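Peer 1: Input upload14.cif, format and content: mmCIF, C-alpha atoms.
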```
data_final
#
loop_
_atom_site.label_atom_id
_atom_site.label_comp_id
_atom_site.auth_asym_id
_atom_site.auth_seq_id
_atom_site.Cartn_x
_atom_site.Cartn_y
_atom_site.Cartn_z
CA MET A 259 -37.19 -57.68 -34.03
CA LYS A 260 -37.98 -54.64 -36.18
CA LYS A 261 -37.53 -52.42 -33.15
CA ALA A 262 -34.08 -53.91 -32.47
CA LEU A 263 -33.04 -53.40 -36.10
CA LEU A 264 -34.20 -49.78 -35.95
CA ILE A 265 -32.09 -49.11 -32.84
CA LEU A 266 -29.04 -50.72 -34.45
CA SER A 267 -29.52 -48.61 -37.59
CA ILE A 268 -29.68 -45.39 -35.58
CA LEU A 269 -26.53 -46.35 -33.65
CA PHE A 270 -24.68 -47.13 -36.87
CA MET A 271 -25.70 -43.81 -38.42
CA SER A 272 -24.62 -41.93 -35.28
CA MET A 273 -21.22 -43.63 -35.28
CA SER A 274 -20.72 -42.91 -38.97
CA TYR A 275 -21.64 -39.25 -38.46
CA GLY A 276 -19.19 -38.96 -35.55
CA GLN A 277 -16.39 -40.41 -37.67
CA GLU A 278 -17.03 -37.84 -40.39
CA ILE A 279 -16.44 -34.91 -38.00
CA LYS A 280 -13.04 -33.46 -38.82
CA GLN A 281 -10.64 -32.41 -36.11
CA VAL A 282 -9.77 -28.71 -36.39
CA PRO A 283 -5.96 -28.33 -36.32
CA GLN A 284 -4.96 -26.01 -33.54
CA ILE A 285 -2.13 -25.09 -31.21
CA ASN A 286 -2.31 -24.46 -27.46
CA VAL A 287 0.12 -21.99 -25.92
CA SER A 288 0.54 -20.07 -22.70
CA GLY A 289 1.57 -16.46 -22.18
CA GLU A 290 2.65 -14.34 -19.25
CA GLY A 291 2.53 -10.60 -18.83
CA LYS A 292 4.37 -8.83 -16.03
CA VAL A 293 4.29 -5.17 -15.03
CA LYS A 294 6.71 -3.78 -12.44
CA VAL A 295 5.31 -0.94 -10.40
CA VAL A 296 6.68 1.35 -7.70
CA PRO A 297 4.05 1.31 -4.92
CA ASP A 298 2.42 4.60 -4.00
CA GLN A 299 0.60 3.51 -0.84
CA ALA A 300 0.83 1.02 2.01
CA SER A 301 -1.49 -1.01 4.20
CA ILE A 302 -0.26 -0.93 7.81
CA VAL A 303 -1.63 -3.24 10.51
CA VAL A 304 -0.76 -2.30 14.09
CA THR A 305 -1.92 -3.51 17.51
CA VAL A 306 -2.20 -2.25 21.07
CA GLU A 307 -1.69 -5.11 23.53
CA THR A 308 -2.13 -4.83 27.31
CA LYS A 309 -1.83 -7.43 30.06
CA GLY A 310 -2.83 -7.63 33.71
CA ASN A 311 -4.64 -9.55 36.44
CA ASN A 312 -7.94 -7.68 36.30
CA ALA A 313 -10.00 -7.98 33.12
CA LYS A 314 -11.77 -4.64 33.56
CA ASP A 315 -8.53 -2.73 34.18
CA VAL A 316 -6.76 -4.41 31.26
CA LYS A 317 -9.59 -3.53 28.89
CA LYS A 318 -9.71 0.05 30.20
CA GLN A 319 -5.97 0.55 29.67
CA ASN A 320 -6.26 -0.82 26.17
CA ASP A 321 -9.20 1.45 25.31
CA GLU A 322 -7.35 4.53 26.58
CA LYS A 323 -4.32 3.78 24.39
CA ILE A 324 -6.50 3.11 21.35
CA ASP A 325 -8.32 6.39 21.95
CA ALA A 326 -4.98 8.23 21.87
CA VAL A 327 -3.92 6.35 18.75
CA LEU A 328 -7.14 7.20 16.87
CA LYS A 329 -6.85 10.88 17.85
CA PHE A 330 -3.30 10.94 16.50
CA ILE A 331 -4.41 9.32 13.22
CA LYS A 332 -7.05 12.04 12.82
CA LYS A 333 -4.37 14.69 13.36
CA MET A 334 -2.47 13.13 10.46
CA ASN A 335 -5.43 14.12 8.26
CA LEU A 336 -6.12 10.60 7.08
CA ALA A 337 -9.57 10.13 5.55
CA PRO A 338 -12.00 8.18 7.80
CA ALA A 339 -12.29 5.52 5.11
CA ASP A 340 -8.51 4.91 5.28
CA TYR A 341 -8.41 3.39 8.76
CA LYS A 342 -10.55 0.93 10.68
CA THR A 343 -10.57 -1.39 13.68
CA GLN A 344 -9.76 -4.84 12.39
CA ARG A 345 -10.30 -6.91 15.53
CA VAL A 346 -10.75 -6.64 19.31
CA SER A 347 -10.07 -9.36 21.85
CA LEU A 348 -9.91 -9.92 25.62
CA ASN A 349 -8.68 -13.36 26.60
CA PRO A 350 -8.03 -15.03 29.97
CA GLN A 351 -4.70 -16.79 30.42
CA TYR A 352 -4.20 -19.33 33.18
CA ASP A 353 -0.84 -19.72 34.94
CA TYR A 354 -0.70 -23.34 36.13
CA GLU A 355 2.33 -22.71 38.35
CA LYS A 356 0.80 -19.74 40.18
CA LYS A 357 -2.70 -21.18 39.76
CA LYS A 358 -4.32 -17.89 38.83
CA HIS A 359 -5.73 -16.10 35.80
CA SER A 360 -4.35 -13.08 33.96
CA TYR A 361 -5.85 -11.26 31.01
CA ASN A 362 -4.59 -10.16 27.61
CA ALA A 363 -6.41 -7.44 25.64
CA THR A 364 -5.63 -6.49 22.03
CA GLN A 365 -7.07 -4.08 19.52
CA THR A 366 -5.81 -4.08 15.94
CA ILE A 367 -6.12 -1.20 13.50
CA GLU A 368 -5.57 -1.33 9.74
CA ILE A 369 -4.40 1.91 8.10
CA VAL A 370 -4.13 2.67 4.38
CA LEU A 371 -1.42 5.30 3.96
CA LYS A 372 -1.78 7.00 0.57
CA ASP A 373 1.17 9.35 1.03
CA LEU A 374 4.33 7.35 1.73
CA SER A 375 6.26 10.51 2.59
CA LYS A 376 4.31 10.49 5.89
CA TYR A 377 5.37 6.94 6.77
CA ASP A 378 8.07 7.78 9.35
CA GLU A 379 5.96 10.45 11.03
CA LEU A 380 2.97 8.11 11.24
CA MET A 381 4.88 5.13 12.61
CA GLU A 382 6.76 7.17 15.20
CA GLY A 383 3.54 8.81 16.38
CA LEU A 384 1.72 5.48 16.63
CA VAL A 385 4.44 4.09 18.89
CA ASP A 386 4.44 7.24 21.03
CA GLU A 387 0.68 6.94 21.55
CA GLY A 388 0.73 3.30 22.64
CA ILE A 389 1.11 0.97 19.68
CA ASN A 390 3.38 -1.85 20.81
CA ARG A 391 3.03 -4.31 17.94
CA ILE A 392 3.48 -3.83 14.19
CA ASP A 393 1.90 -6.86 12.53
CA ASN A 394 2.75 -6.10 8.91
CA VAL A 395 3.24 -3.44 6.25
CA THR A 396 2.06 -4.21 2.72
CA PHE A 397 2.95 -2.06 -0.27
CA GLN A 398 0.24 -1.47 -2.86
CA SER A 399 -0.62 0.53 -5.97
CA SER A 400 -3.63 2.82 -6.26
CA LYS A 401 -3.76 2.02 -10.01
CA LEU A 402 -3.97 -1.75 -9.62
CA ALA A 403 -6.82 -2.24 -12.14
CA GLN A 404 -4.93 -0.28 -14.80
CA TYR A 405 -1.74 -2.31 -14.35
CA GLN A 406 -3.65 -5.61 -14.30
CA SER A 407 -5.16 -4.68 -17.68
CA GLU A 408 -1.69 -3.95 -19.05
CA ALA A 409 -0.40 -7.29 -17.76
CA ARG A 410 -3.27 -9.18 -19.43
CA LYS A 411 -2.56 -7.54 -22.79
CA LEU A 412 1.13 -8.41 -22.51
CA ALA A 413 0.22 -12.03 -21.69
CA MET A 414 -1.94 -12.29 -24.83
CA LYS A 415 0.81 -10.76 -26.99
CA GLU A 416 3.34 -13.26 -25.66
CA ALA A 417 0.96 -16.19 -26.30
CA LYS A 418 0.40 -15.06 -29.91
CA LEU A 419 4.11 -14.53 -30.52
CA LYS A 420 4.91 -17.93 -29.07
CA ALA A 421 2.33 -19.61 -31.34
CA GLU A 422 3.72 -17.80 -34.41
CA ASP A 423 7.24 -18.98 -33.56
CA TYR A 424 6.11 -22.62 -33.40
CA VAL A 425 4.09 -22.74 -36.62
CA SER A 426 6.54 -20.68 -38.68
CA VAL A 427 8.85 -23.71 -38.74
CA LEU A 428 6.03 -25.72 -40.35
CA GLY A 429 5.19 -23.11 -42.95
CA GLN A 430 1.79 -22.51 -41.40
CA LYS A 431 0.01 -19.54 -39.93
CA ILE A 432 -2.17 -19.09 -36.90
CA GLY A 433 -5.81 -18.11 -37.29
CA ARG A 434 -8.42 -16.92 -34.86
CA ALA A 435 -8.37 -17.88 -31.19
CA MET A 436 -10.68 -20.78 -30.30
CA THR A 437 -10.44 -20.57 -26.49
CA ILE A 438 -8.80 -18.26 -23.98
CA SER A 439 -8.25 -19.28 -20.34
CA ASP A 440 -7.25 -16.79 -17.67
CA ASN A 441 -4.87 -18.54 -15.28
CA SER A 442 -3.94 -15.44 -13.31
CA GLN A 443 -3.97 -15.66 -9.55
CA THR A 444 -5.61 -12.97 -7.47
CA TYR A 445 -3.08 -10.23 -6.84
CA SER A 446 -1.87 -10.36 -3.26
CA PRO A 447 0.95 -8.01 -2.29
CA GLN A 448 3.59 -9.51 -0.05
CA PRO A 449 3.64 -8.07 3.48
CA LEU A 450 6.78 -6.68 5.08
CA TYR A 451 6.82 -8.05 8.60
CA ALA A 452 8.30 -5.71 11.17
CA THR A 453 9.75 -6.42 14.58
CA MET A 454 8.60 -3.92 17.18
CA LYS A 455 11.33 -1.69 18.53
CA THR A 456 11.46 1.67 20.25
CA MET A 457 11.81 4.55 17.82
CA GLU A 458 14.12 7.27 19.17
CA MET A 459 15.15 10.42 17.40
CA SER A 460 18.83 11.28 17.52
CA ASP A 461 20.01 14.41 19.35
CA THR A 462 20.60 16.18 16.03
CA ARG A 463 17.09 15.36 14.81
CA ALA A 464 18.66 14.34 11.51
CA PRO A 465 16.26 12.99 8.85
CA ARG A 466 16.26 9.23 8.50
CA GLU A 467 15.32 6.81 5.76
CA THR A 468 13.56 3.82 7.29
CA LEU A 469 11.55 2.58 4.31
CA ALA A 470 12.76 0.80 1.16
CA VAL A 471 9.69 0.61 -1.06
CA GLY A 472 11.19 -1.27 -4.00
CA GLU A 473 8.87 -2.63 -6.70
CA ILE A 474 5.88 -4.95 -6.86
CA ASN A 475 5.15 -7.34 -9.75
CA ILE A 476 1.65 -7.51 -11.20
CA THR A 477 1.36 -10.67 -13.31
CA ALA A 478 -1.22 -12.18 -15.67
CA ASN A 479 -1.16 -15.69 -17.17
CA VAL A 480 -3.28 -17.01 -20.05
CA THR A 481 -3.66 -20.17 -22.12
CA VAL A 482 -4.85 -19.69 -25.71
CA SER A 483 -5.89 -22.17 -28.42
CA PHE A 484 -5.33 -20.86 -31.99
CA ILE A 485 -6.61 -22.46 -35.22
CA LEU A 486 -3.84 -23.46 -37.63
CA GLU A 487 -4.19 -22.29 -41.23
#
```
Here is a file; write its structure as structure tokens.
Peer 2:
Amino acid sequence: MKKALLILSILFMSMSYGQEIKQVPQINVSGEGKVKVVPDQASIVVTVETKGNNAKDVKKQNDEKIDAVLKFIKKMNLAPADYKTQRVSLNPQYDYEKKKHSYNATQTIEIVLKDLSKYDELMEGLVDEGINRIDNVTFQSSKLAQYQSEARKLAMKEAKLKAEDYVSVLGQKIGRAMTISDNSQTYSPQPLYATMKTMEMSDTRAPRETLAVGEINITANVTVSFILE
């Protein structure tokens, strides 16, 4: 009996203590920071695809074209770290009507072009050397970390300003931040998908503009809880 009374007393004291805890008045707001940037480089993914009835011949043809492509890339003075083989495949394909196999070989290369003024020269040369598929072109910034930092600061400033607007109507002020949540998504530049077509220079060899870089948005989102004073 004494043990039961002791347990009840402890429970009662715990409940009383919990009721005495005061709720800290606070306001929760969100903020967004956005930085618009003109890209200064591009990620280009291209593929050599060959088809035929003999697996060995198909693979050999594909390797020869890739060899020519890689030699051309080296002539463009791209750093070795700026291009790499992304994937290689050799797949059988069965024709049910003719009841025989054919083969499809592909090799895909990813190139980071850090000088966009070389874009037309690079793309034309790649096609001349055997590239017959452009998978995508993605514009990027070499100063991504710097712009992400700027976007985060802008997001915090907007959250603070928003909180001040709300509480000013009530004659209150905001105090220190209690919690900060980063809701930003991982930056992922949108690819520009390209349809493969033959690139032919005009008879006058006039310069052409084939690339509209535009701008990319680097965005940060935060949620902040401020104490009300």
Peer 1: Measuring atom to atom with all atoms listed in the file, identify which of A:Ser301, A:Gln281, A:Asn311, A:Gln365 is nearest to A:Leu328.
Peer 2: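 Closest residue, counting all atoms listed in the file: A:Gln365.
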Peer 1: Need the shell around A:Lys342: protein/DNA/RNA residues with any atom at most 12 Å away, counting only C-alpha atoms. Skip same-chain ones fewer than 6 positions apart. Format as a list in words?
Peer 2: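 The residues satisfying every condition are Ser301, Ile302, Val303, Val304, Thr305, Ile324, Val327, Leu328, Ile331, Lys332, Leu336, Gln365, Thr366, Ile367, Glu368, Ile369 and Val370 of chain A.
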Peer 1: Identify all residues satisfying the PyMOL selection byres ((chain A and resi 360) around 8) in the given file; provide them as a PyMOL selection string.
Peer 2: chain A and resi 309-313+350-353+358-359+361-362
Peer 1: Exactly which residues make up the result of the PyMOL selection byres ((chain A and resi 405) around 9) on this file, given as a VMD selection string?
Peer 2: chain A and resid 293 to 295 399 401 to 404 406 to 410 476 to 477
Peer 1: To one decimal place in Å, what is the distance between atom CA of A:Pro283 and atom CA of A:Gln430?
Peer 2: 10.9 Å
Peer 1: So how many Å separate atom CA of A:Val480 and atom CA of A:Ile438, to one decimal?
Peer 2: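 Spanning atom CA of A:Val480 to atom CA of A:Ile438 is a straight-line distance of 6.9 Å.
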Peer 1: Running the PyMOL selection byres ((chain A and resi 389) around 9) on this model by hand, what would come out? Give it as a count of residues only.
Peer 2: 16
Peer 1: State, in Å with one decimal place, the distance from atom CA of A:Ser400 to atom CA of A:Asp373.
Peer 2: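 Rounded to one decimal, the two atoms are 10.9 Å apart.
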Peer 1: List the neighbours of A:Lys314 out to 10 Å using all atoms listed in the file; skip same-chain residues closer than 4 positions along the sequence, and give me the result as a list in words.
Peer 2: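 Skipping anything fewer than 4 positions along the chain leaves Gly310, Lys318, Gln319, Asn320, Leu348, Tyr361 and Ala363 of chain A.
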Peer 1: Using all atoms listed in the file, which of A:Thr437, A:Thr308, A:Asn479, A:Ser442 sits nearest A:Ile285?
Peer 2: A:Thr437
Peer 1: Please determine an axis-aligned box that encloses all atoms of stretch 293-301 of chain A listed in the file, with 8 Å added on each side, and express its centre and edge lengths in Å to one decimal as JSON.
Peer 2:
```
{"center_x": 2.6, "center_y": -0.3, "center_z": -5.4, "size_x": 24.2, "size_y": 25.8, "size_z": 35.2}
```
Peer 1: Looking at A:Thr364, A:Asp298, A:Val282, A:Lys329, which one is nearest to A:Arg345, with distances taken over only C-alpha atoms?
Peer 2: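 For A:Arg345, the nearest of the candidates is A:Thr364.
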Peer 1: Since the input is missing atoms for stretch 362-373 of chain A, could you rebuild it with all heavy atoms and give the result as a compact mmCIF listing (two decimals), in the coordinates of the input?
Peer 2:
```txt
# COMPACT_ATOMS: atom_id res chain seq x y z
N ASN A 362 -5.31 -10.76 28.73
CA ASN A 362 -4.59 -10.16 27.61
C ASN A 362 -5.61 -9.50 26.68
O ASN A 362 -6.48 -10.17 26.13
CB ASN A 362 -3.80 -11.23 26.86
CG ASN A 362 -2.97 -10.65 25.74
OD1 ASN A 362 -2.25 -9.69 25.93
ND2 ASN A 362 -3.10 -11.23 24.56
N ALA A 363 -5.50 -8.19 26.50
CA ALA A 363 -6.41 -7.44 25.64
C ALA A 363 -5.65 -6.91 24.43
O ALA A 363 -4.53 -6.39 24.57
CB ALA A 363 -7.06 -6.29 26.40
N THR A 364 -6.24 -7.02 23.25
CA THR A 364 -5.63 -6.49 22.03
C THR A 364 -6.69 -5.79 21.19
O THR A 364 -7.85 -6.20 21.16
CB THR A 364 -4.98 -7.59 21.17
OG1 THR A 364 -5.98 -8.52 20.75
CG2 THR A 364 -3.90 -8.33 21.94
N GLN A 365 -6.26 -4.74 20.54
CA GLN A 365 -7.07 -4.08 19.52
C GLN A 365 -6.17 -3.79 18.34
O GLN A 365 -5.09 -3.22 18.50
CB GLN A 365 -7.70 -2.79 20.05
CG GLN A 365 -8.78 -3.02 21.10
CD GLN A 365 -9.63 -1.79 21.33
OE1 GLN A 365 -10.24 -1.27 20.41
NE2 GLN A 365 -9.68 -1.32 22.58
N THR A 366 -6.61 -4.21 17.15
CA THR A 366 -5.81 -4.08 15.94
C THR A 366 -6.46 -3.09 14.98
O THR A 366 -7.67 -3.16 14.74
CB THR A 366 -5.65 -5.45 15.25
OG1 THR A 366 -4.99 -6.35 16.16
CG2 THR A 366 -4.82 -5.34 13.99
N ILE A 367 -5.65 -2.21 14.43
CA ILE A 367 -6.12 -1.20 13.50
C ILE A 367 -5.39 -1.36 12.16
O ILE A 367 -4.18 -1.55 12.12
CB ILE A 367 -5.88 0.23 14.04
CG1 ILE A 367 -6.65 0.43 15.34
CG2 ILE A 367 -6.29 1.29 13.01
CD1 ILE A 367 -6.34 1.76 16.03
N GLU A 368 -6.15 -1.29 11.09
CA GLU A 368 -5.57 -1.33 9.74
C GLU A 368 -5.63 0.08 9.15
O GLU A 368 -6.69 0.72 9.14
CB GLU A 368 -6.32 -2.30 8.84
CG GLU A 368 -5.73 -2.40 7.44
CD GLU A 368 -6.45 -3.39 6.55
OE1 GLU A 368 -7.47 -3.96 7.00
OE2 GLU A 368 -6.01 -3.58 5.41
N ILE A 369 -4.50 0.55 8.64
CA ILE A 369 -4.40 1.91 8.10
C ILE A 369 -3.91 1.83 6.65
O ILE A 369 -2.95 1.12 6.35
CB ILE A 369 -3.40 2.76 8.91
CG1 ILE A 369 -3.79 2.78 10.39
CG2 ILE A 369 -3.30 4.17 8.35
CD1 ILE A 369 -2.69 3.31 11.30
N VAL A 370 -4.59 2.54 5.76
CA VAL A 370 -4.13 2.67 4.38
C VAL A 370 -3.48 4.04 4.26
O VAL A 370 -4.16 5.07 4.35
CB VAL A 370 -5.28 2.52 3.37
CG1 VAL A 370 -4.76 2.74 1.95
CG2 VAL A 370 -5.93 1.14 3.49
N LEU A 371 -2.17 4.05 4.08
CA LEU A 371 -1.42 5.30 3.96
C LEU A 371 -1.21 5.61 2.48
O LEU A 371 -0.47 4.90 1.79
CB LEU A 371 -0.08 5.19 4.68
CG LEU A 371 0.79 6.45 4.70
CD1 LEU A 371 0.09 7.58 5.45
CD2 LEU A 371 2.14 6.15 5.34
N LYS A 372 -1.84 6.67 1.99
CA LYS A 372 -1.78 7.00 0.57
C LYS A 372 -0.68 8.00 0.24
O LYS A 372 -0.50 8.35 -0.93
CB LYS A 372 -3.14 7.54 0.12
CG LYS A 372 -4.24 6.47 0.20
CD LYS A 372 -5.58 6.99 -0.26
CE LYS A 372 -6.62 5.89 -0.22
NZ LYS A 372 -7.96 6.37 -0.62
N ASP A 373 0.03 8.46 1.24
CA ASP A 373 1.17 9.35 1.03
C ASP A 373 2.36 8.77 1.80
O ASP A 373 2.50 8.95 3.00
CB ASP A 373 0.84 10.76 1.54
CG ASP A 373 1.97 11.75 1.29
OD1 ASP A 373 3.04 11.33 0.80
OD2 ASP A 373 1.78 12.94 1.60
```
